[in-house]
Amino acid sequence: MTTASATQKTNPTADIEALKKVALLIRRDVIKMLGIAGNGHPGGSLSATDLLAALYFHHMKIDAKNPKWADRDRLVFSKGHGCPALYSALARAGYFPIDWLLTLRKLGSPLQGHPDVRRLAGIEASTGSLGQGLSIAIGMALAARFDKKDYKSYAFISDGELNEGQIWEAAAFASFHKLKDCITILDYNKYQLGGATKDMLDMEPVADKWKAFGWETREIDGHDMKQVDEALTWARSAVSAPRIIIAHTVKGKGVSFMENNNNFHGVANTKDETEKALRELGEEDAEIRRISGMIK
């Protein structure tokens, strides 16, 4: 399974093994993109992979051939620095050619270091100024209510963003207005630019804080595809209050020397690291040699 069907619709039964394969392809793409680009954010891209695979290949109502379809679900990828994973998911879902991925951060490429809504199909908002994505998703949920549409608006946020006051203003607003079609996914990998989140500004107990703001919460292992699938199904079934999935993830997931290694927050993998990572991810030798030859 490498591409999504034109229109994704929720289905009570997910093909968990197929979604795992998509997540693996996205992880390989991330390593290739960043190795060739020579800069970017591998850690937070890899932690988001399983969640994005489940969203774009099972849960979100989308049409890659008609990216501005009025009834589509929206995903605001607030942690914009993790966009290599988002770009891969979009490409493999059919929004643009997969070979564009290797142009990441190149001059003139629509795949810039943070998502640009003006330049790439499937991007719902230009993001990367942390703390703003939830507010944007809430605006989309309000628009759906006013227009009497039933699409969902997802905010994909990072744990470092929880330090931003705007997140909590938005959280209060969403619960007060009972925006049940606004779904938040927290990629809780426990690191941010400066180090471990517990050392920067510890936000625990995170679940209790969201509950106090009126949100229904669910905590999961963000790399267990069955848990991810079940949580996303739960989130879509909200009756009145907005829901948040607190996904406990591992920064750099899938690559042994990147896991929980904050040195890879904003430093791309070298040529040697790219080869090693792709071998760990089960990539074919011929493809590893091809990618290696493209890295300076």
# chains A, B, ... in the order shown; residues from 1 in each chain; ligands from 1
>>> residues_around(residues="Ile245 in chain A", least_positions_apart="2", cutoff="7 Å", atoms="only C-alpha atoms", output="ChimeraX atom specification")
/A:184-186,217-219,231,243,247
>>> write_last_selection(atoms="N, CA and C atoms", output="PDB file, in the first residue's frame")
ATOM      1  N   THR A 184      -7.779  17.258  18.384  1.00  0.00           N
ATOM      2  CA  THR A 184      -6.365  17.570  18.573  1.00  0.00           C
ATOM      3  C   THR A 184      -5.574  16.292  18.809  1.00  0.00           C
ATOM      4  N   ILE A 185      -4.424  16.223  18.179  1.00  0.00           N
ATOM      5  CA  ILE A 185      -3.496  15.105  18.361  1.00  0.00           C
ATOM      6  C   ILE A 185      -2.190  15.685  18.891  1.00  0.00           C
ATOM      7  N   LEU A 186      -1.792  15.243  20.060  1.00  0.00           N
ATOM      8  CA  LEU A 186      -0.547  15.705  20.677  1.00  0.00           C
ATOM      9  C   LEU A 186       0.549  14.667  20.448  1.00  0.00           C
ATOM     10  N   THR A 217     -10.284  13.313  26.910  1.00  0.00           N
ATOM     11  CA  THR A 217      -8.909  12.940  26.599  1.00  0.00           C
ATOM     12  C   THR A 217      -8.747  11.423  26.500  1.00  0.00           C
ATOM     13  N   ARG A 218      -7.753  11.051  25.719  1.00  0.00           N
ATOM     14  CA  ARG A 218      -7.400   9.633  25.611  1.00  0.00           C
ATOM     15  C   ARG A 218      -5.893   9.543  25.404  1.00  0.00           C
ATOM     16  N   GLU A 219      -5.219   8.748  26.235  1.00  0.00           N
ATOM     17  CA  GLU A 219      -3.774   8.566  26.117  1.00  0.00           C
ATOM     18  C   GLU A 219      -3.478   7.222  25.458  1.00  0.00           C
ATOM     19  N   ALA A 231      -8.094   5.095  18.722  1.00  0.00           N
ATOM     20  CA  ALA A 231      -8.218   6.445  19.283  1.00  0.00           C
ATOM     21  C   ALA A 231      -8.794   7.422  18.266  1.00  0.00           C
ATOM     22  N   ARG A 243     -12.218  16.657  21.557  1.00  0.00           N
ATOM     23  CA  ARG A 243     -11.424  15.541  22.070  1.00  0.00           C
ATOM     24  C   ARG A 243      -9.958  15.688  21.676  1.00  0.00           C
ATOM     25  N   ALA A 247      -0.740  11.242  22.388  1.00  0.00           N
ATOM     26  CA  ALA A 247      -0.008  10.105  21.828  1.00  0.00           C
ATOM     27  C   ALA A 247       1.424  10.111  22.354  1.00  0.00           C
TER      28      ALA A 247
END
>>> closest_atom_pairs(of="range 3-99 of chain A", to="range 190-213 of chain A", cutoff="12 Å", atoms="only C-alpha atoms", output="tab-separated table")
residue	atom	partner	partner_atom	distance
A:His41	CA	A:Leu193	CA	10.2
A:Gly43	CA	A:Tyr191	CA	9.3
A:Gly44	CA	A:Tyr191	CA	8.7
A:Ser47	CA	A:Lys190	CA	10.5
A:Lys79	CA	A:Gln192	CA	10.8
A:His81	CA	A:Leu193	CA	10.8
A:Gly82	CA	A:Gln192	CA	11.8
>>> write_last_selection(atoms="N, CA and C atoms", output="compact mmCIF listing (two decimals), in the first residue's frame")
# COMPACT_ATOMS: atom_id res chain seq x y z
N HIS A 41 14.67 18.51 10.36
CA HIS A 41 14.30 18.02 11.69
C HIS A 41 13.88 16.55 11.64
N GLY A 43 14.07 14.12 14.14
CA GLY A 43 13.48 13.55 15.35
C GLY A 43 11.99 13.68 15.42
N GLY A 44 11.48 14.90 15.28
CA GLY A 44 10.05 15.15 15.37
C GLY A 44 9.28 14.70 14.15
N SER A 47 8.73 10.83 14.88
CA SER A 47 7.76 10.53 15.95
C SER A 47 6.32 10.67 15.46
N LYS A 79 3.01 21.58 14.22
CA LYS A 79 4.46 21.41 14.43
C LYS A 79 5.14 21.38 13.06
N HIS A 81 7.86 22.16 11.75
CA HIS A 81 9.24 21.70 11.52
C HIS A 81 9.30 20.20 11.22
N GLY A 82 8.23 19.47 11.58
CA GLY A 82 8.19 18.03 11.28
C GLY A 82 7.59 17.72 9.92
>>> atom_distance(atom1="CA of Gly139 in chain A", atom2="CA of Lys68 in chain A")
16.7 Å
>>> select_by_dssp(residues="range 185-257 of chain A", states="alpha helix (DSSP H)", output="VMD selection string")
chain A and resid 197 to 201 206 to 212 225 to 236
>>> write_last_selection(atoms="C-alpha atoms", output="compact mmCIF listing (two decimals), in the first residue's frame")
# COMPACT_ATOMS: atom_id res chain seq x y z
CA THR A 197 10.22 19.12 28.04
CA LYS A 198 10.33 18.28 31.75
CA ASP A 199 13.47 20.39 32.06
CA MET A 200 12.25 23.34 29.96
CA LEU A 201 8.78 23.82 31.43
CA VAL A 206 -0.90 16.98 30.74
CA ALA A 207 -4.09 14.92 30.55
CA ASP A 208 -5.51 16.54 33.67
CA LYS A 209 -4.87 20.00 32.25
CA TRP A 210 -6.84 19.25 29.09
CA LYS A 211 -9.63 17.72 31.14
CA ALA A 212 -9.72 20.86 33.29
CA MET A 225 -1.11 1.24 15.14
CA LYS A 226 -4.07 -0.56 16.69
CA GLN A 227 -4.21 1.97 19.53
CA VAL A 228 -3.82 4.84 17.05
CA ASP A 229 -6.67 3.53 14.91
CA GLU A 230 -8.98 3.00 17.87
CA ALA A 231 -8.22 6.45 19.28
CA LEU A 232 -8.91 8.19 15.99
CA THR A 233 -12.22 6.33 15.70
CA TRP A 234 -13.05 7.45 19.25
CA ALA A 235 -12.10 11.06 18.48
CA ARG A 236 -14.43 11.23 15.48
>>> residues_around(residues="Ala125 in chain A", least_positions_apart="4", cutoff="8 Å", atoms="only C-alpha atoms", output="PyMOL selection string")
chain A and resi 76-77+115-117+136
>>> residues_around(residues="Glu161 in chain A", least_positions_apart="2", cutoff="10 Å", atoms="only C-alpha atoms", output="PyMOL selection string")
chain A and resi 78-79+129-133+157-159+163-167+186+192
>>> atom_distance(atom1="CA of Trp69 in chain A", atom2="CA of Asp150 in chain A")
12.9 Å
>>> residues_around(residues="Asp50 in chain A", least_positions_apart="6", cutoff="7 Å", atoms="only C-alpha atoms", output="ChimeraX atom specification")
/A:23,222-223,225
>>> write_last_selection(atoms="C-alpha atoms", output="compact mmCIF listing (two decimals), in the first residue's frame")
# COMPACT_ATOMS: atom_id res chain seq x y z
CA ALA A 23 4.43 4.27 8.17
CA GLY A 222 1.50 6.67 19.39
CA HIS A 223 3.47 3.90 17.68
CA MET A 225 -1.11 1.24 15.14
>>> decode(residues="range 97-196 of chain A", atoms="C-alpha atoms", output="JSON list (two decimals), in the first residue's frame")
[["chain", "number", "residue", "atom", "x", "y", "z"],
["A", 97, "PRO", "CA", 4.59, 13.03, -7.34],
["A", 98, "ILE", "CA", 6.68, 11.04, -4.89],
["A", 99, "ASP", "CA", 9.90, 12.10, -6.61],
["A", 100, "TRP", "CA", 9.24, 15.67, -5.46],
["A", 101, "LEU", "CA", 10.16, 14.57, -1.96],
["A", 102, "LEU", "CA", 13.85, 14.62, -2.79],
["A", 103, "THR", "CA", 13.62, 18.36, -3.53],
["A", 104, "LEU", "CA", 13.03, 19.19, 0.15],
["A", 105, "ARG", "CA", 14.40, 22.62, 1.07],
["A", 106, "LYS", "CA", 15.81, 23.18, -2.42],
["A", 107, "LEU", "CA", 15.58, 26.68, -3.90],
["A", 108, "GLY", "CA", 12.31, 26.93, -5.80],
["A", 109, "SER", "CA", 10.87, 23.68, -4.44],
["A", 110, "PRO", "CA", 7.30, 23.77, -3.06],
["A", 111, "LEU", "CA", 8.56, 21.53, -0.24],
["A", 112, "GLN", "CA", 10.08, 24.12, 2.03],
["A", 113, "GLY", "CA", 11.41, 23.72, 5.57],
["A", 114, "HIS", "CA", 7.96, 24.59, 6.93],
["A", 115, "PRO", "CA", 4.64, 24.03, 5.14],
["A", 116, "ASP", "CA", 3.51, 26.77, 2.76],
["A", 117, "VAL", "CA", -0.21, 26.68, 1.94],
["A", 118, "ARG", "CA", 0.37, 28.80, -1.17],
["A", 119, "ARG", "CA", 2.74, 26.37, -2.84],
["A", 120, "LEU", "CA", 1.71, 22.78, -2.19],
["A", 121, "ALA", "CA", -1.53, 20.83, -2.60],
["A", 122, "GLY", "CA", -2.82, 19.28, 0.61],
["A", 123, "ILE", "CA", -1.36, 21.88, 2.97],
["A", 124, "GLU", "CA", -4.18, 23.53, 4.92],
["A", 125, "ALA", "CA", -2.17, 26.24, 6.69],
["A", 126, "SER", "CA", 1.34, 27.69, 6.70],
["A", 127, "THR", "CA", 2.69, 26.57, 10.05],
["A", 128, "GLY", "CA", 5.80, 26.52, 12.18],
["A", 129, "SER", "CA", 5.15, 29.46, 14.48],
["A", 130, "LEU", "CA", 4.46, 27.12, 17.35],
["A", 131, "GLY", "CA", 1.24, 27.49, 19.30],
["A", 132, "GLN", "CA", -0.91, 28.79, 16.44],
["A", 133, "GLY", "CA", -2.16, 25.62, 14.76],
["A", 134, "LEU", "CA", -4.91, 24.80, 17.24],
["A", 135, "SER", "CA", -6.44, 28.24, 16.79],
["A", 136, "ILE", "CA", -6.46, 27.75, 13.01],
["A", 137, "ALA", "CA", -8.13, 24.35, 13.32],
["A", 138, "ILE", "CA", -10.73, 25.83, 15.65],
["A", 139, "GLY", "CA", -11.49, 28.49, 13.04],
["A", 140, "MET", "CA", -12.05, 25.73, 10.48],
["A", 141, "ALA", "CA", -14.34, 23.88, 12.88],
["A", 142, "LEU", "CA", -16.36, 27.06, 13.41],
["A", 143, "ALA", "CA", -16.62, 27.53, 9.64],
["A", 144, "ALA", "CA", -17.96, 23.98, 9.32],
["A", 145, "ARG", "CA", -20.63, 24.76, 11.92],
["A", 146, "PHE", "CA", -21.65, 27.99, 10.20],
["A", 147, "ASP", "CA", -21.74, 26.30, 6.79],
["A", 148, "LYS", "CA", -23.56, 23.25, 8.15],
["A", 149, "LYS", "CA", -20.77, 20.91, 7.01],
["A", 150, "ASP", "CA", -19.77, 17.72, 8.79],
["A", 151, "TYR", "CA", -16.04, 17.66, 8.09],
["A", 152, "LYS", "CA", -13.50, 17.27, 10.89],
["A", 153, "SER", "CA", -10.68, 19.70, 11.63],
["A", 154, "TYR", "CA", -7.53, 18.17, 13.12],
["A", 155, "ALA", "CA", -4.80, 20.06, 14.96],
["A", 156, "PHE", "CA", -1.52, 18.13, 15.06],
["A", 157, "ILE", "CA", 0.53, 19.73, 17.83],
["A", 158, "SER", "CA", 3.83, 19.14, 19.63],
["A", 159, "ASP", "CA", 4.50, 18.98, 23.34],
["A", 160, "GLY", "CA", 6.84, 21.98, 23.26],
["A", 161, "GLU", "CA", 3.88, 23.99, 22.00],
["A", 162, "LEU", "CA", 2.08, 23.42, 25.27],
["A", 163, "ASN", "CA", 4.35, 26.13, 26.71],
["A", 164, "GLU", "CA", 2.51, 28.67, 24.54],
["A", 165, "GLY", "CA", -0.37, 30.55, 26.13],
["A", 166, "GLN", "CA", -2.26, 30.63, 22.83],
["A", 167, "ILE", "CA", -2.75, 26.86, 23.05],
["A", 168, "TRP", "CA", -4.66, 27.20, 26.30],
["A", 169, "GLU", "CA", -6.71, 30.17, 25.13],
["A", 170, "ALA", "CA", -7.72, 28.10, 22.13],
["A", 171, "ALA", "CA", -8.45, 25.05, 24.29],
["A", 172, "ALA", "CA", -10.79, 27.08, 26.50],
["A", 173, "PHE", "CA", -12.56, 28.56, 23.47],
["A", 174, "ALA", "CA", -13.11, 25.17, 21.82],
["A", 175, "SER", "CA", -14.64, 23.58, 24.89],
["A", 176, "PHE", "CA", -16.80, 26.61, 25.70],
["A", 177, "HIS", "CA", -18.26, 26.53, 22.19],
["A", 178, "LYS", "CA", -18.54, 22.71, 22.21],
["A", 179, "LEU", "CA", -16.56, 22.28, 19.01],
["A", 180, "LYS", "CA", -16.88, 18.50, 18.85],
["A", 181, "ASP", "CA", -15.55, 18.41, 15.28],
["A", 182, "CYS", "CA", -12.20, 19.86, 16.33],
["A", 183, "ILE", "CA", -9.82, 16.99, 17.11],
["A", 184, "THR", "CA", -6.37, 17.57, 18.57],
["A", 185, "ILE", "CA", -3.50, 15.11, 18.36],
["A", 186, "LEU", "CA", -0.55, 15.70, 20.68],
["A", 187, "ASP", "CA", 2.74, 14.20, 19.48],
["A", 188, "TYR", "CA", 4.08, 13.75, 22.98],
["A", 189, "ASN", "CA", 7.71, 12.75, 22.39],
["A", 190, "LYS", "CA", 8.89, 14.57, 25.54],
["A", 191, "TYR", "CA", 11.53, 16.74, 23.82],
["A", 192, "GLN", "CA", 11.71, 20.22, 22.36],
["A", 193, "LEU", "CA", 14.48, 22.37, 20.88],
["A", 194, "GLY", "CA", 16.19, 23.14, 24.18],
["A", 195, "GLY", "CA", 16.03, 19.64, 25.65],
["A", 196, "ALA", "CA", 13.58, 17.44, 27.53]]
